[in-house]
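Source file: structure.txt (compact mmCIF, C-alpha atoms and all ligand atoms)
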# COMPACT_ATOMS: atom_id res chain seq x y z
CA MET A 10 71.69 40.38 61.66
CA THR A 11 75.01 41.16 63.22
CA ILE A 12 77.75 38.66 62.45
CA SER A 13 80.50 38.43 65.01
CA LEU A 14 83.64 37.32 63.21
CA ALA A 15 85.31 36.88 66.59
CA ASP A 16 82.89 34.02 67.31
CA LEU A 17 83.46 32.23 63.98
CA ARG A 18 85.63 29.22 64.72
CA ARG A 19 85.52 25.45 64.64
CA ASP A 20 87.43 22.68 66.30
CA TYR A 21 89.25 20.35 63.90
CA THR A 22 88.86 16.70 64.79
CA GLN A 23 88.77 14.67 61.56
CA ALA A 24 92.27 13.30 61.21
CA THR A 25 95.85 13.29 62.40
CA LEU A 26 99.21 13.52 60.64
CA SER A 27 102.12 11.62 62.13
CA GLU A 28 105.73 11.34 61.00
CA SER A 29 105.05 7.72 60.05
CA ASP A 30 102.17 8.75 57.72
CA ALA A 31 104.61 10.89 55.77
CA GLY A 32 107.40 9.45 53.63
CA ALA A 33 111.01 10.56 53.38
CA GLU A 34 110.09 12.88 50.47
CA PRO A 35 106.99 15.09 50.13
CA MET A 36 105.40 14.06 46.82
CA SER A 37 103.96 10.72 47.90
CA LEU A 38 101.95 12.36 50.69
CA PHE A 39 100.71 14.97 48.20
CA ALA A 40 99.46 12.19 45.91
CA HIS A 41 97.77 10.51 48.89
CA TRP A 42 96.08 13.69 50.15
CA PHE A 43 95.04 14.74 46.65
CA LYS A 44 93.38 11.35 46.13
CA GLU A 45 91.57 11.76 49.45
CA ALA A 46 90.42 15.26 48.41
CA LEU A 47 89.00 13.76 45.20
CA GLU A 48 87.30 10.94 47.09
CA ALA A 49 85.83 13.42 49.60
CA LYS A 50 84.39 15.37 46.64
CA VAL A 51 86.00 18.58 47.85
CA PRO A 52 84.81 21.34 45.46
CA GLU A 53 87.58 22.22 42.99
CA PRO A 54 90.24 20.11 44.75
CA ASN A 55 92.85 21.31 42.23
CA ALA A 56 92.26 25.01 42.94
CA MET A 57 95.33 26.52 44.58
CA SER A 58 96.50 29.97 45.43
CA LEU A 59 99.60 31.03 43.50
CA ALA A 60 101.67 33.80 45.07
CA THR A 61 104.30 35.65 43.09
CA VAL A 62 106.49 38.64 43.85
CA GLY A 63 107.19 41.29 41.25
CA ALA A 64 110.22 43.49 40.73
CA ASN A 65 108.81 46.04 43.17
CA GLY A 66 108.90 43.43 45.97
CA ARG A 67 105.12 43.37 46.43
CA PRO A 68 103.51 39.94 46.70
CA SER A 69 100.42 39.18 44.63
CA SER A 70 98.25 36.06 44.80
CA ARG A 71 95.44 34.51 42.80
CA ILE A 72 93.76 31.12 42.34
CA VAL A 73 94.82 28.86 39.47
CA LEU A 74 94.07 25.21 38.72
CA LEU A 75 96.66 22.49 39.19
CA LYS A 76 96.73 20.50 35.94
CA ASP A 77 99.50 18.00 36.62
CA PHE A 78 101.86 16.89 39.35
CA ASP A 79 104.66 14.35 39.34
CA ALA A 80 108.22 13.97 40.62
CA ARG A 81 109.20 17.11 38.67
CA GLY A 82 106.68 19.39 40.37
CA PHE A 83 103.31 21.15 40.05
CA THR A 84 101.93 22.44 36.74
CA TRP A 85 99.29 25.05 35.86
CA TYR A 86 98.38 26.90 32.66
CA THR A 87 97.99 30.59 32.09
CA ASN A 88 98.86 33.55 29.89
CA TYR A 89 102.58 34.29 29.49
CA ALA A 90 101.83 38.04 29.26
CA SER A 91 99.71 38.20 32.44
CA ARG A 92 100.68 39.98 35.62
CA LYS A 93 101.76 36.70 37.25
CA ALA A 94 103.92 35.91 34.19
CA GLN A 95 105.61 39.31 34.42
CA ASP A 96 106.24 38.68 38.14
CA LEU A 97 107.79 35.29 37.30
CA LEU A 98 110.08 36.90 34.72
CA ASP A 99 111.29 39.30 37.40
CA ASN A 100 111.44 36.67 40.15
CA PRO A 101 111.10 32.96 39.30
CA TYR A 102 110.15 31.89 42.84
CA ALA A 103 106.52 31.32 43.80
CA ALA A 104 104.32 29.77 46.49
CA LEU A 105 101.25 27.55 46.12
CA THR A 106 98.62 26.88 48.80
CA PHE A 107 95.86 24.29 48.81
CA HIS A 108 93.05 24.46 51.39
CA TRP A 109 90.86 21.37 51.48
CA VAL A 110 88.23 22.69 53.90
CA GLU A 111 86.25 19.46 54.33
CA LEU A 112 89.40 17.55 55.24
CA GLU A 113 90.73 20.30 57.53
CA ARG A 114 93.95 20.29 55.53
CA GLN A 115 96.35 22.81 54.06
CA VAL A 116 99.40 22.21 51.87
CA ARG A 117 101.96 24.95 51.29
CA ILE A 118 104.54 24.60 48.53
CA GLU A 119 107.42 26.87 47.53
CA GLY A 120 110.00 26.66 44.79
CA ARG A 121 111.37 27.83 41.49
CA VAL A 122 109.11 28.13 38.46
CA GLU A 123 109.86 27.42 34.80
CA ARG A 124 107.74 27.23 31.67
CA VAL A 125 106.86 23.68 30.64
CA ALA A 126 108.05 22.41 27.24
CA GLU A 127 106.15 23.82 24.24
CA ALA A 128 105.04 20.30 23.30
CA GLU A 129 103.53 19.83 26.77
CA SER A 130 101.55 23.09 26.47
CA ASP A 131 100.42 22.07 22.96
CA ALA A 132 99.23 18.71 24.25
CA TYR A 133 97.23 20.24 27.10
CA PHE A 134 95.78 23.01 24.90
CA GLN A 135 94.48 20.35 22.51
CA VAL A 136 92.50 18.54 25.21
CA ARG A 137 90.82 21.72 26.50
CA PRO A 138 87.16 22.33 25.53
CA LEU A 139 86.81 24.38 22.34
CA LYS A 140 85.30 27.38 24.16
CA SER A 141 88.24 27.46 26.60
CA GLN A 142 90.67 27.32 23.67
CA ILE A 143 88.93 30.27 21.99
CA GLY A 144 88.80 32.14 25.29
CA ALA A 145 92.55 31.74 25.76
CA ILE A 146 93.13 33.13 22.26
CA ALA A 147 90.68 36.01 22.69
CA SER A 148 91.79 37.34 26.06
CA ALA A 149 94.92 39.39 26.63
CA GLN A 150 94.85 38.36 30.29
CA SER A 151 95.46 41.11 32.87
CA GLN A 152 95.20 43.92 30.29
CA PRO A 153 92.48 46.57 30.70
CA ILE A 154 89.57 46.51 28.24
CA ALA A 155 86.96 49.20 27.57
CA ASN A 156 83.90 47.07 28.30
CA ARG A 157 82.36 43.58 28.26
CA ALA A 158 81.09 44.01 24.70
CA GLN A 159 84.64 44.49 23.42
CA LEU A 160 85.72 41.24 25.12
CA GLU A 161 82.82 39.34 23.54
CA LYS A 162 83.72 40.84 20.15
CA GLN A 163 87.28 39.55 20.52
CA TYR A 164 85.87 36.11 21.37
CA GLU A 165 83.58 36.09 18.31
CA GLU A 166 86.44 37.18 16.05
CA ALA A 167 88.69 34.42 17.38
CA ALA A 168 85.88 31.86 17.03
CA LEU A 169 85.33 32.90 13.39
CA LYS A 170 89.03 32.83 12.59
CA PHE A 171 89.82 29.43 14.12
CA GLY A 172 86.54 27.54 13.77
CA ASP A 173 86.83 24.16 15.42
CA ALA A 174 90.63 23.93 15.07
CA PRO A 175 92.22 26.56 17.31
CA VAL A 176 96.00 26.72 17.51
CA ARG A 177 97.64 27.35 20.88
CA PRO A 178 98.64 31.01 21.03
CA THR A 179 102.32 31.47 21.85
CA GLN A 180 101.40 33.67 24.84
CA TRP A 181 99.49 30.83 26.52
CA GLY A 182 101.09 27.82 28.20
CA GLY A 183 102.15 26.03 31.33
CA TYR A 184 104.45 26.66 34.24
CA ARG A 185 105.94 24.06 36.55
CA LEU A 186 107.02 24.80 40.11
CA THR A 187 109.81 22.53 41.36
CA PRO A 188 109.30 22.33 45.11
CA ASP A 189 112.06 22.88 47.65
CA ILE A 190 109.72 23.54 50.60
CA VAL A 191 106.47 21.64 51.27
CA GLU A 192 104.42 21.87 54.45
CA TYR A 193 101.47 19.66 55.35
CA TRP A 194 98.95 20.96 57.92
CA GLN A 195 96.26 18.84 59.47
CA GLY A 196 93.81 20.64 61.76
CA ARG A 197 93.60 19.15 65.26
CA SER A 198 91.61 19.86 68.38
CA SER A 199 92.45 22.76 70.71
CA ARG A 200 94.52 24.43 67.97
CA LEU A 201 97.24 21.78 68.46
CA HIS A 202 97.44 21.17 64.72
CA ASP A 203 99.91 18.80 63.08
CA ARG A 204 102.48 20.47 60.83
CA LEU A 205 105.17 18.59 58.93
CA LEU A 206 107.69 20.63 56.97
CA TYR A 207 109.88 19.20 54.21
CA THR A 208 112.91 21.27 53.17
CA LYS A 209 115.21 20.25 50.32
CA GLU A 210 118.81 20.48 51.41
CA ALA A 211 121.88 21.33 49.35
CA ASP A 212 122.70 17.62 48.85
CA GLY A 213 119.21 17.01 47.38
CA GLN A 214 117.96 15.13 50.44
CA TRP A 215 114.70 16.16 52.13
CA LEU A 216 114.75 17.23 55.77
CA LYS A 217 111.46 16.48 57.57
CA GLN A 218 110.57 18.43 60.71
CA ARG A 219 107.51 18.86 62.90
CA LEU A 220 106.57 22.51 63.47
CA GLN A 221 104.58 23.95 66.36
CA PRO A 222 101.12 25.02 65.28
C1 LIG B 301 88.63 28.72 40.76
C2 LIG B 301 89.53 29.56 39.87
C3 LIG B 301 90.38 28.92 38.97
C4 LIG B 301 91.21 29.68 38.15
N1 LIG B 301 92.09 29.03 37.32
C5 LIG B 301 92.96 29.74 36.58
C6 LIG B 301 93.95 29.08 35.81
O1 LIG B 301 94.11 27.84 35.83
N2 LIG B 301 94.77 29.86 35.06
C7 LIG B 301 94.69 31.21 35.03
O2 LIG B 301 95.44 31.85 34.31
N3 LIG B 301 93.77 31.87 35.79
C8 LIG B 301 92.91 31.16 36.57
N4 LIG B 301 92.00 31.83 37.35
C9 LIG B 301 91.96 33.31 37.31
C10 LIG B 301 93.10 33.87 38.17
O3 LIG B 301 92.73 33.81 39.55
C11 LIG B 301 93.47 35.32 37.80
O4 LIG B 301 92.32 36.14 37.82
C12 LIG B 301 94.12 35.41 36.42
O5 LIG B 301 95.03 34.34 36.19
C13 LIG B 301 94.87 36.74 36.24
O6 LIG B 301 95.86 36.85 37.25
P1 LIG B 301 97.07 37.88 37.13
O7 LIG B 301 96.50 39.18 36.58
O8 LIG B 301 97.61 38.05 38.52
O9 LIG B 301 98.10 37.30 36.19
C14 LIG B 301 91.17 31.10 38.20
C15 LIG B 301 90.33 31.73 39.14
C16 LIG B 301 89.53 30.97 39.96
C17 LIG B 301 88.67 31.67 40.99
Here is the file; what I need is its structure written in the form of structure tokens.
Amino acid sequence: MTISLADLRRDYTQATLSESDAGAEPMSLFAHWFKEALEAKVPEPNAMSLATVGANGRPSSRIVLLKDFDARGFTWYTNYASRKAQDLLDNPYAALTFHWVELERQVRIEGRVERVAEAESDAYFQVRPLKSQIGAIASAQSQPIANRAQLEKQYEEAALKFGDAPVRPTQWGGYRLTPDIVEYWQGRSSRLHDRLLYTKEADGQWLKQRLQP
């Protein structure tokens, strides 16, 4: 079967996004859309792409899971010695993108990233399933390894050492991105999509603008 990518398209007709739907600041609409993504049973609604830029200026992106959001920003957990962590040491700015396919929605977020407090990482590590805790201890994320068997050996060794009371490794924890740019995209018919862009200005106020699709 020949698949013609040129013919793959759909018209977006589910919803609209007007200036009056969106508040003066961007976080309340995020909470509203995230709730709707949960209600719509979007698969992995908290999966987001995280783009970083390393010292060599090359962007790199990967999916991570959003684990918290509030007025301070957007939080995820990872390994502090991973490639993304090295990028963030070199350049603390990053971009997040959510795509909620079933709702024909995209949210793009940019801002500065910082580690969360140690106590916050400890608290989240403690509520993770045991196997995820052991996995975080066993894996030197982003480092090469000879083969799968070696990885499983590291897991077994960590499981033996920590039993049912793993301690958060210092190289594992959270990051929080404090947004200064947030864009909401709602697919519309005829490619006339709705786009609302929030930009944080020097005085701390949010500027809200409609962008052409
Ligand atoms: C659905 C999904 C969720 C993921 N969630 C996380 C996560 O929360 N944290 C994480 O470190 N990696 C997560 N990953 C793996 C990352 O995409 C990536 O492979 C890993 O973090 C290493 O990236 P890096 O080498 O660029 O640092 C997830 C991958 C997928 C597909």
For this session: Would you mind listing the residues within 6 Å of ligand LIG 301 (chain B), counting all atoms listed in the file, as a list in words?
Result: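 Counting only what the definition allows, namely all atoms listed in the file, the set is Ala56, Arg71, Ile72, Val73, Leu74, Trp85, Tyr86, Thr87, Asn88, Ser91, Arg92, Lys93 and Ser151 of chain A.
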Exercise. Which is closer to Ser37 (chain A) than all the others in A:Asp212, A:Asp20, A:Asp79, A:Glu129, using all atoms listed in the file?
Worked result: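 Closest residue, counting all atoms listed in the file: A:Asp79.
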Problem set entry | Surrounding residues of region 30-32 of chain A excluding itself and chain neighbours under 2 positions, 10 Å, all atoms listed in the file, as a ChimeraX atom specification | /A:25-28,34-39,41,193,205,207,217
Please produce a file of the residues just selected, as an mmCIF file, in the coordinates of the input, where the atoms kept are C-alpha atoms.
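Saved file result00.cif follows:
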data_model
loop_
_atom_site.group_PDB
_atom_site.id
_atom_site.type_symbol
_atom_site.label_atom_id
_atom_site.label_comp_id
_atom_site.auth_asym_id
_atom_site.auth_seq_id
_atom_site.Cartn_x
_atom_site.Cartn_y
_atom_site.Cartn_z
ATOM 1 C CA THR A 25 95.850 13.290 62.400
ATOM 2 C CA LEU A 26 99.210 13.520 60.640
ATOM 3 C CA SER A 27 102.120 11.620 62.130
ATOM 4 C CA GLU A 28 105.730 11.340 61.000
ATOM 5 C CA GLU A 34 110.090 12.880 50.470
ATOM 6 C CA PRO A 35 106.990 15.090 50.130
ATOM 7 C CA MET A 36 105.400 14.060 46.820
ATOM 8 C CA SER A 37 103.960 10.720 47.900
ATOM 9 C CA LEU A 38 101.950 12.360 50.690
ATOM 10 C CA PHE A 39 100.710 14.970 48.200
ATOM 11 C CA HIS A 41 97.770 10.510 48.890
ATOM 12 C CA TYR A 193 101.470 19.660 55.350
ATOM 13 C CA LEU A 205 105.170 18.590 58.930
ATOM 14 C CA TYR A 207 109.880 19.200 54.210
ATOM 15 C CA LYS A 217 111.460 16.480 57.570
#
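The gap separating CA of Ser69 (chain A) from CA of Glu45 (chain A) is 29.2 Å, in Å to one decimal.
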What are the nearest atom pairs, with distances in Å to one decimal, for all residues of region 121-215 of chain A that come at most 10 Å from region 104-110 of chain A, using only C-alpha atoms, set out by chain and rising residue number as a Markdown table?
| residue | atom | partner | partner_atom | distance |
| --- | --- | --- | --- | --- |
| A:Arg121 | CA | A:Ala104 | CA | 8.9 |
| A:Val122 | CA | A:Ala104 | CA | 9.5 |
| A:Leu186 | CA | A:Ala104 | CA | 8.5 |
| A:Pro188 | CA | A:Ala104 | CA | 9.1 |
| A:Ile190 | CA | A:Ala104 | CA | 9.2 |
| A:Val191 | CA | A:Leu105 | CA | 9.4 |
| A:Glu192 | CA | A:Thr106 | CA | 9.5 |
| A:Tyr193 | CA | A:Phe107 | CA | 9.8 |
| A:Trp194 | CA | A:His108 | CA | 9.5 |
| A:Gln195 | CA | A:Trp109 | CA | 10.0 |
| A:Gly196 | CA | A:Val110 | CA | 9.9 |
Problem set entry | Who sits within 7 Å of region 166-181 of chain A, all atoms listed in the file, same chain under 2 positions skipped, as a list in words |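 Selected residues are Thr87, Asn88, Tyr89, Ala90, Asp131, Phe134, Leu139, Gln142, Ile143, Ile146, Ala147, Lys162, Gln163 and Tyr164 of chain A.
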For this session: Within 8 Å of Arg124 (chain A), counting all atoms listed in the file, which residues show up once you throw out same-chain ones fewer than 2 positions away? Write them as a list in words, please.
Result: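 My list of contacting residues is Val122, Ala126, Gly182, Gly183, Tyr184 and Arg185 of chain A.
Here CA of Leu98 (chain A) stands at a distance of 8.4 Å from CA of Gly63 (chain A).
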Exercise. Using all atoms listed in the file, which residue out of A:Thr187, A:Ala15, A:Ala49, A:Gln150 lies closest to Ala80 (chain A)?
Worked result: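 The answer is A:Thr187, which sits nearest to Ala80 (chain A).
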Problem set entry | One-decimal distance in Å that lies between CA of Leu75 (chain A) and CA of Val136 (chain A) |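 If I compute the distance from CA of Val136 (chain A) to CA of Leu75 (chain A), I get 15.1 Å.
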